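Note sheet for the following structure.
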Amino acid sequence: MVRSMLSYSTLPISFWGYALQTAIYILNDVPSKSVPKTPHELWTGRKPSLQHLRIFGCPAHVLKGKTEKMESRSETCIFVGYPKETKGYYFYSPSDLKVFVSTNAKFLEKDYMNDFVPRSRIVLNEMSGDTIPREVTQPNPIVSSDPTQDQQPTIPRRSGRVRTQPERYIGLGESVENLPDDDDPYTYKEAMEDVDSRHWQKAMQSEIESMFDNKVWSLVDLPKGIKPIGCKWVYKRKRGMDGKVETFKARLVAKGYTQKEGIDYEETFSPVAMLKSIRILLSIAASLDLEIWQMDVKTAFLNGSLDESIYMMQPEGFIEKGQVDKVCKLQKSIYGLKQASRSWNIRFDQAVKGFGFIQNPDEPCVYKRIKGDKLVFLILYVDDILLIGNDVGVLTSVKEWLAKQFDMKDLGEASFILGIQVIRDRKNRTIALSQASYIDKILSRFSMQDSKKGMLPFRHGIKLSKEQVPKNEHEEQFMSRVPYASAVGSLMYAMLCTRPDICFAVGIVSRFQSKPGPDHWTAVKHIFKYLKRTRDNMLVYSGGDLVPVGYTDSDFQSDSDSRKSTSGAVYYWRRSSYMEEYQAILYC
């Protein structure tokens, strides 16, 4: 099998190792005569999927990482196998002479098969006559009693079977593989094998420098009886509104799931600003024509102090030479610790209150400072900060003070908040909130980008209940591969940010996350189809008087399982031009 794979491909014999690994991978996913089940199913208990299998040695257009404006976004590489520890494919780059892992590629299998020329040709000479002679061994000659038999020509036998094109290669044409979790590395090893390894190395170096600048840890000998917690690198390509990669982020996180309550931590709760609070303040800014500025706290969690003694392993790739046996004693909080968010929030809260800000009693992450006729609102969402005010000089002084207290990144006027695009028209005093790029992202993540466009988020007359669970083994296997909870969570974020029109539909499908059935999944896909049609709809706040207006409505015993009623309420601070906002927060 390995010899055939190498013979079919254009790769040199030095790639026999990749061919062997690929052959083993394929054999583990197919049954044999002796054992009806595949080795993969015997080991995991699940039937393997064969949709991702590709022809060994075929060319593919692989998406590059960060590129220049006029530079090609992809390069032609050769597929050479499947990685063991992560999703994606192994590709060989002829230009760089190296093998790397990527999940975004366009395979050119159809062209590869059409243009294939075998390395060795077998010349077949055409034979004359209507038949192909066969060698027949007969002990004694048989004399025919019919004198005319030898004079009749032999008619070749032809099968009566209908001839059709073979189907073994159907579906192996050009295809695009977009795995759900983008193409970010999962491990340090994977990052070093990635096509953007130099960017990841630079990002990790920057993270380590931040650790040393903040004096996060000191190397010590591990005390007896203490088990250190582990750590790992988390990688993320941060993209802009157009979907292009802007920065490469590498974050060192502790494996907080190994911490023990009462020993490694006490309390963990930390508040964040509610999305509705952000929308309220944006509507006020639109009405009063206030300034909206944005800042980002670099390595925010490193600013929090620790009350507990916590020991951590040295980070992979940055182990100090000559001090391999030492561990990191954490002096400040680090990402991944259960108390990290709380420590950062306490540190920030104390700082801004000392600068004269007053905390909102009902929204602990919203602060205000009023001096005469000068007003400043400060909103904190983990490490993202919004500053809203009516005086540029005061806002500038607040920004300068924050930059002295923490390592900050000034993002200027707010244009992209928590995945929400902010489009402002100062002349007409309007602020529009759009999640078009986020909708495109989740449509691609759940393979709905090529679906039809839906007219409604929830079809009229459809009744969903807990009785619509999988009815047979086929449906159970199908639903086991469906990311139902993840899809509902993605829809819920869009609903909470800018899409109240899908609130009722999301509220219904979210009831069945424990054991969803095919009908429930169909309802979720209808919401995606509706979002595809309305991706450009925006929530628009306009200027005018700030007069609160509320609406409420209810049905009667619409829940088929509990016979409970569903009620909803919406309150306008400034009426949005997006009239479908009437369908609002559900109270079930």
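Letters for chains follow the order of the structure tokens (A, B, ...), residue numbers begin at 1 for each chain, and ligand numbers begin at 1 in the order shown.
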Please provide as a PDB file with N, CA and C atoms, in the first residue's frame all residues within 12 Å of Glu85 (chain A), with the sequence filter that same-chain residues fewer than 2 positions apart are discarded (counting only C-alpha atoms).
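Here's the written file result-v2.pdb:
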ATOM      1  N   TYR A  82      -1.883  13.011   7.922  1.00  0.00           N
ATOM      2  CA  TYR A  82      -2.769  13.517   8.962  1.00  0.00           C
ATOM      3  C   TYR A  82      -2.007  13.579  10.285  1.00  0.00           C
ATOM      4  N   PRO A  83      -2.022  14.714  10.980  1.00  0.00           N
ATOM      5  CA  PRO A  83      -1.338  14.797  12.277  1.00  0.00           C
ATOM      6  C   PRO A  83      -2.073  13.992  13.342  1.00  0.00           C
ATOM      7  N   LYS A  87      -6.293  18.543  14.873  1.00  0.00           N
ATOM      8  CA  LYS A  87      -7.042  18.527  13.628  1.00  0.00           C
ATOM      9  C   LYS A  87      -6.210  19.160  12.516  1.00  0.00           C
ATOM     10  N   GLY A  88      -6.536  18.803  11.283  1.00  0.00           N
ATOM     11  CA  GLY A  88      -5.852  19.417  10.161  1.00  0.00           C
ATOM     12  C   GLY A  88      -5.173  18.391   9.271  1.00  0.00           C
ATOM     13  N   TYR A  89      -4.226  18.863   8.469  1.00  0.00           N
ATOM     14  CA  TYR A  89      -3.522  18.029   7.507  1.00  0.00           C
ATOM     15  C   TYR A  89      -2.046  18.409   7.493  1.00  0.00           C
ATOM     16  N   TYR A  90      -1.200  17.440   7.141  1.00  0.00           N
ATOM     17  CA  TYR A  90       0.212  17.712   6.892  1.00  0.00           C
ATOM     18  C   TYR A  90       0.382  18.143   5.431  1.00  0.00           C
ATOM     19  N   VAL A 101       1.463  21.958   9.479  1.00  0.00           N
ATOM     20  CA  VAL A 101       0.057  21.587   9.679  1.00  0.00           C
ATOM     21  C   VAL A 101      -0.829  22.778   9.364  1.00  0.00           C
ATOM     22  N   PRO A 185      -3.147  26.956  16.305  1.00  0.00           N
ATOM     23  CA  PRO A 185      -2.504  25.779  16.911  1.00  0.00           C
ATOM     24  C   PRO A 185      -3.084  25.478  18.291  1.00  0.00           C
ATOM     25  N   TYR A 186      -2.995  24.191  18.678  1.00  0.00           N
ATOM     26  CA  TYR A 186      -3.484  23.764  19.984  1.00  0.00           C
ATOM     27  C   TYR A 186      -2.348  23.535  20.972  1.00  0.00           C
ATOM     28  N   THR A 187      -1.196  23.193  20.482  1.00  0.00           N
ATOM     29  CA  THR A 187      -0.071  22.881  21.349  1.00  0.00           C
ATOM     30  C   THR A 187       1.166  23.649  20.899  1.00  0.00           C
ATOM     31  N   TYR A 188       2.171  23.649  21.778  1.00  0.00           N
ATOM     32  CA  TYR A 188       3.440  24.308  21.450  1.00  0.00           C
ATOM     33  C   TYR A 188       4.106  23.641  20.249  1.00  0.00           C
ATOM     34  N   LYS A 189       4.074  22.320  20.225  1.00  0.00           N
ATOM     35  CA  LYS A 189       4.666  21.587  19.103  1.00  0.00           C
ATOM     36  C   LYS A 189       3.982  21.942  17.794  1.00  0.00           C
ATOM     37  N   GLU A 190       2.668  22.042  17.845  1.00  0.00           N
ATOM     38  CA  GLU A 190       1.914  22.381  16.637  1.00  0.00           C
ATOM     39  C   GLU A 190       2.225  23.798  16.174  1.00  0.00           C
TER      40      GLU A 190
END
request  = Write out as number ranges by chain each polymer residue whose atoms come within 12 Å of region 434-444 of chain A, counting only C-alpha atoms; drop sequence neighbours fewer than 6 positions from it.
outcome  = A: 176-182, 239-244, 415-424, 450-453, 486-499, 524-541, 578
message = Quick one: residues within 12 Å of Asp325 (chain A), only C-alpha atoms, excluding same-chain residues fewer than 6 positions away - as a PyMOL selection string?
response = chain A and resi 219-223+228+312-314+319
Give me the residues of region 25-129 of chain A that have any atom at most 12 Å from an atom of region 479-485 of chain A; for each, the nearest atom pair and the distance in Å, rounded to one decimal. Use only C-alpha atoms, sort by chain and number, and format it as JSON lines.
{"residue": "A:Arg46", "atom": "CA", "partner": "A:Ser480", "partner_atom": "CA", "distance": 9.5}
{"residue": "A:Lys47", "atom": "CA", "partner": "A:Arg481", "partner_atom": "CA", "distance": 10.5}
{"residue": "A:Pro48", "atom": "CA", "partner": "A:Arg481", "partner_atom": "CA", "distance": 10.7}
{"residue": "A:Ser49", "atom": "CA", "partner": "A:Arg481", "partner_atom": "CA", "distance": 9.9}
Those same residues - C-alpha atoms - I'd like them written as a compact mmCIF listing (two decimals), in the first residue's frame.
# COMPACT_ATOMS: atom_id res chain seq x y z
CA ARG A 46 -17.61 5.46 17.61
CA LYS A 47 -17.75 4.91 13.88
CA PRO A 48 -15.09 6.97 12.09
CA SER A 49 -15.95 9.67 9.57
task = Identify, with DSSP run on backbone atoms, the residues in region 266-495 of chain A assigned to helix (DSSP H, G or I), and express the list as a VMD selection string.
result = chain A and resid 275 to 288 300 to 303 340 to 354 392 to 405 436 to 445 473 to 480 484 to 495
request  = Could you give me, as number ranges by chain, the residues within 12 Å of Gly354 (chain A), counting only C-alpha atoms and dropping anything in the same chain fewer than 6 positions from it?
outcome  = A: 347-348, 367, 369, 401-402, 405
inquiry  = Can you pull out the residues contacting Glu316 (chain A)? Cut-off 12 Å, using only C-alpha atoms, and skip same-chain residues under 3 positions away; I want them as a list in words.
reply    =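 Contacts, with the query itself left out: Thr187, Tyr188, Lys189, Ala191, Met192, Gln201, Met204, Gln205, Ile208, Gly230, Cys231, Lys232, Trp233, Val234, Leu252, Val253, Ala254, Met312, Met313, Ile319, Glu320 and Val324 of chain A.
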task = Using CA of Cys58 (chain A) and CA of His199 (chain A) as the two end points, give the distance in Å to one decimal.
result = 27.8 Å
message = So that I can check the surroundings of Asp555 (chain A), please list as a count of residues only every protein, DNA and RNA residue that reaches within 9 Å of it, counting only C-alpha atoms and ignoring chain neighbours fewer than 4 positions away.
response = 3
query = Mind checking DSSP for region 321-465 of chain A and telling me the strand (DSSP E) residues as a ChimeraX atom specification?
reply = /A:327-332,358-359,366-371,374-381,384-389,408-413,416-417,420-425,430-434
Please save N, CA and C atoms of the selected residues as a short mmCIF file (atom, residue, chain, number, x, y, z; two decimals), in the first residue's frame.
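The result, written out as out.cif:
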data_model
loop_
_atom_site.label_atom_id
_atom_site.label_comp_id
_atom_site.auth_asym_id
_atom_site.auth_seq_id
_atom_site.Cartn_x
_atom_site.Cartn_y
_atom_site.Cartn_z
N VAL A 327 10.77 25.28 39.86
CA VAL A 327 9.39 25.59 39.48
C VAL A 327 9.14 27.08 39.70
N CYS A 328 8.03 27.56 39.14
CA CYS A 328 7.67 28.97 39.26
C CYS A 328 6.76 29.17 40.48
N LYS A 329 7.20 29.98 41.42
CA LYS A 329 6.33 30.37 42.53
C LYS A 329 5.62 31.66 42.12
N LEU A 330 4.31 31.57 41.96
CA LEU A 330 3.54 32.70 41.45
C LEU A 330 3.43 33.78 42.52
N GLN A 331 3.84 34.99 42.15
CA GLN A 331 3.70 36.14 43.04
C GLN A 331 2.50 37.00 42.65
N LYS A 332 2.07 36.86 41.39
CA LYS A 332 0.88 37.56 40.91
C LYS A 332 0.00 36.57 40.16
N ILE A 358 -17.11 56.62 40.60
CA ILE A 358 -18.13 56.05 41.48
C ILE A 358 -18.72 54.83 40.80
N GLN A 359 -18.78 53.72 41.53
CA GLN A 359 -19.31 52.47 40.98
C GLN A 359 -20.83 52.48 40.97
N VAL A 366 -19.59 49.27 35.74
CA VAL A 366 -19.85 50.58 35.13
C VAL A 366 -19.55 51.65 36.19
N TYR A 367 -18.67 52.59 35.83
CA TYR A 367 -18.28 53.66 36.75
C TYR A 367 -18.58 55.01 36.09
N LYS A 368 -18.76 56.02 36.93
CA LYS A 368 -18.97 57.37 36.41
C LYS A 368 -18.20 58.36 37.27
N ARG A 369 -17.83 59.47 36.64
CA ARG A 369 -17.18 60.56 37.36
C ARG A 369 -17.73 61.87 36.81
N ILE A 370 -18.29 62.68 37.70
CA ILE A 370 -18.92 63.95 37.32
C ILE A 370 -18.22 65.08 38.06
N LYS A 371 -17.73 66.05 37.29
CA LYS A 371 -17.15 67.27 37.85
C LYS A 371 -17.74 68.46 37.11
N LYS A 374 -18.92 68.23 33.36
CA LYS A 374 -18.10 67.26 32.64
C LYS A 374 -18.36 65.86 33.17
N LEU A 375 -18.74 64.98 32.26
CA LEU A 375 -19.19 63.63 32.61
C LEU A 375 -18.34 62.58 31.90
N VAL A 376 -17.96 61.53 32.64
CA VAL A 376 -17.21 60.41 32.07
C VAL A 376 -17.81 59.10 32.57
N PHE A 377 -18.12 58.20 31.65
CA PHE A 377 -18.51 56.83 31.99
C PHE A 377 -17.36 55.90 31.65
N LEU A 378 -17.09 54.94 32.51
CA LEU A 378 -16.08 53.92 32.27
C LEU A 378 -16.74 52.55 32.37
N ILE A 379 -16.59 51.74 31.32
CA ILE A 379 -17.19 50.41 31.28
C ILE A 379 -16.07 49.39 31.14
N LEU A 380 -16.07 48.38 32.00
CA LEU A 380 -15.05 47.33 31.99
C LEU A 380 -15.68 45.99 31.63
N TYR A 381 -15.14 45.36 30.59
CA TYR A 381 -15.55 44.00 30.22
C TYR A 381 -14.29 43.15 30.16
N ASP A 384 -11.33 44.79 28.34
CA ASP A 384 -11.74 45.82 27.37
C ASP A 384 -12.39 46.98 28.12
N ILE A 385 -11.99 48.20 27.78
CA ILE A 385 -12.48 49.39 28.47
C ILE A 385 -13.10 50.34 27.46
N LEU A 386 -14.29 50.84 27.78
CA LEU A 386 -14.95 51.88 27.00
C LEU A 386 -14.99 53.15 27.84
N LEU A 387 -14.62 54.26 27.25
CA LEU A 387 -14.71 55.57 27.89
C LEU A 387 -15.69 56.42 27.11
N ILE A 388 -16.73 56.89 27.78
CA ILE A 388 -17.77 57.70 27.15
C ILE A 388 -17.87 59.01 27.92
N GLY A 389 -17.75 60.13 27.24
CA GLY A 389 -17.81 61.41 27.93
C GLY A 389 -18.08 62.57 26.99
N MET A 408 -1.40 49.58 28.80
CA MET A 408 -2.61 49.77 28.01
C MET A 408 -2.29 49.87 26.52
N LYS A 409 -3.32 49.60 25.73
CA LYS A 409 -3.27 49.80 24.28
C LYS A 409 -4.40 50.73 23.90
N ASP A 410 -4.07 51.90 23.37
CA ASP A 410 -5.08 52.89 22.99
C ASP A 410 -5.63 52.53 21.61
N LEU A 411 -6.93 52.25 21.54
CA LEU A 411 -7.58 51.86 20.29
C LEU A 411 -8.32 53.01 19.63
N GLY A 412 -8.23 54.21 20.21
CA GLY A 412 -8.88 55.37 19.60
C GLY A 412 -10.40 55.31 19.73
N GLU A 413 -11.08 55.90 18.76
CA GLU A 413 -12.55 55.87 18.78
C GLU A 413 -13.04 54.44 18.58
N PHE A 416 -15.01 48.62 17.02
CA PHE A 416 -15.24 47.18 17.07
C PHE A 416 -15.20 46.75 18.53
N ILE A 417 -16.37 46.50 19.12
CA ILE A 417 -16.48 46.19 20.54
C ILE A 417 -17.02 44.78 20.71
N ILE A 420 -18.62 43.35 17.87
CA ILE A 420 -19.71 44.17 17.35
C ILE A 420 -19.12 45.38 16.63
N GLN A 421 -19.47 45.57 15.39
CA GLN A 421 -19.00 46.73 14.64
C GLN A 421 -19.86 47.94 14.99
N VAL A 422 -19.20 49.04 15.33
CA VAL A 422 -19.88 50.28 15.69
C VAL A 422 -19.74 51.26 14.52
N ILE A 423 -20.87 51.60 13.91
CA ILE A 423 -20.89 52.52 12.77
C ILE A 423 -21.59 53.79 13.22
N ARG A 424 -20.85 54.89 13.22
CA ARG A 424 -21.40 56.12 13.79
C ARG A 424 -21.52 57.22 12.74
N ASP A 425 -22.63 57.94 12.82
CA ASP A 425 -22.88 59.11 11.97
C ASP A 425 -23.08 60.30 12.92
N THR A 430 -26.48 59.19 15.01
CA THR A 430 -26.92 57.79 15.02
C THR A 430 -25.72 56.89 15.28
N ILE A 431 -25.98 55.78 15.95
CA ILE A 431 -24.99 54.73 16.17
C ILE A 431 -25.62 53.41 15.75
N ALA A 432 -24.98 52.72 14.82
CA ALA A 432 -25.47 51.43 14.32
C ALA A 432 -24.55 50.32 14.82
N LEU A 433 -25.14 49.24 15.30
CA LEU A 433 -24.39 48.09 15.78
C LEU A 433 -24.64 46.92 14.83
N SER A 434 -23.56 46.37 14.30
CA SER A 434 -23.66 45.29 13.32
C SER A 434 -22.80 44.11 13.74
#
ask   = How many Å lie between CA of Gly454 (chain A) and CA of Phe512 (chain A), rounded to one decimal?
value =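 A separation of 21.9 Å between them.
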Neighbour list for Gln259 (chain A) as a ChimeraX atom specification, cut-off 12 Å, only C-alpha atoms, skip fewer than 2 positions in-chain = /A:226-231,254-257,261-266,268,308-312,336-339
Selected residues written out with C-alpha atoms, as a short mmCIF file (atom, residue, chain, number, x, y, z; two decimals), in the first residue's frame:
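The result, stored in selection.cif:
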data_model
loop_
_atom_site.label_atom_id
_atom_site.label_comp_id
_atom_site.auth_asym_id
_atom_site.auth_seq_id
_atom_site.Cartn_x
_atom_site.Cartn_y
_atom_site.Cartn_z
CA ILE A 226 3.61 20.17 47.10
CA LYS A 227 2.40 19.23 43.63
CA PRO A 228 2.85 22.06 41.10
CA ILE A 229 0.13 22.88 38.61
CA GLY A 230 0.87 22.70 34.91
CA CYS A 231 0.65 25.38 32.26
CA ALA A 254 -2.15 27.86 34.11
CA LYS A 255 -4.03 24.57 34.27
CA GLY A 256 -6.41 25.86 36.89
CA TYR A 257 -8.58 22.75 36.75
CA GLU A 261 -10.54 24.64 46.68
CA GLY A 262 -9.51 25.80 50.14
CA ILE A 263 -5.82 25.21 49.36
CA ASP A 264 -5.10 26.98 46.08
CA TYR A 265 -8.06 29.38 46.08
CA GLU A 266 -11.04 30.57 48.12
CA THR A 268 -13.54 32.98 42.20
CA GLU A 308 -2.22 31.88 48.27
CA SER A 309 1.12 30.14 47.61
CA ILE A 310 0.89 28.51 44.19
CA TYR A 311 3.67 26.66 42.37
CA MET A 312 3.64 26.12 38.59
CA GLY A 336 -6.02 30.12 33.89
CA LEU A 337 -6.06 30.35 37.67
CA LYS A 338 -9.54 30.10 39.12
CA GLN A 339 -9.07 33.32 41.10
#
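Between Ala273 (chain A) and the residues A:Asn345, A:Thr247, A:Arg237, A:Lys298, the shortest atom-to-atom distance, using only C-alpha atoms, involves A:Asn345.
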request  = For CA of Leu108 (chain A) and CA of Ser197 (chain A), determine how far apart the two atoms are, in Å to one decimal place.
outcome  =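 For CA of Leu108 (chain A) relative to CA of Ser197 (chain A), the distance reads 25.4 Å.
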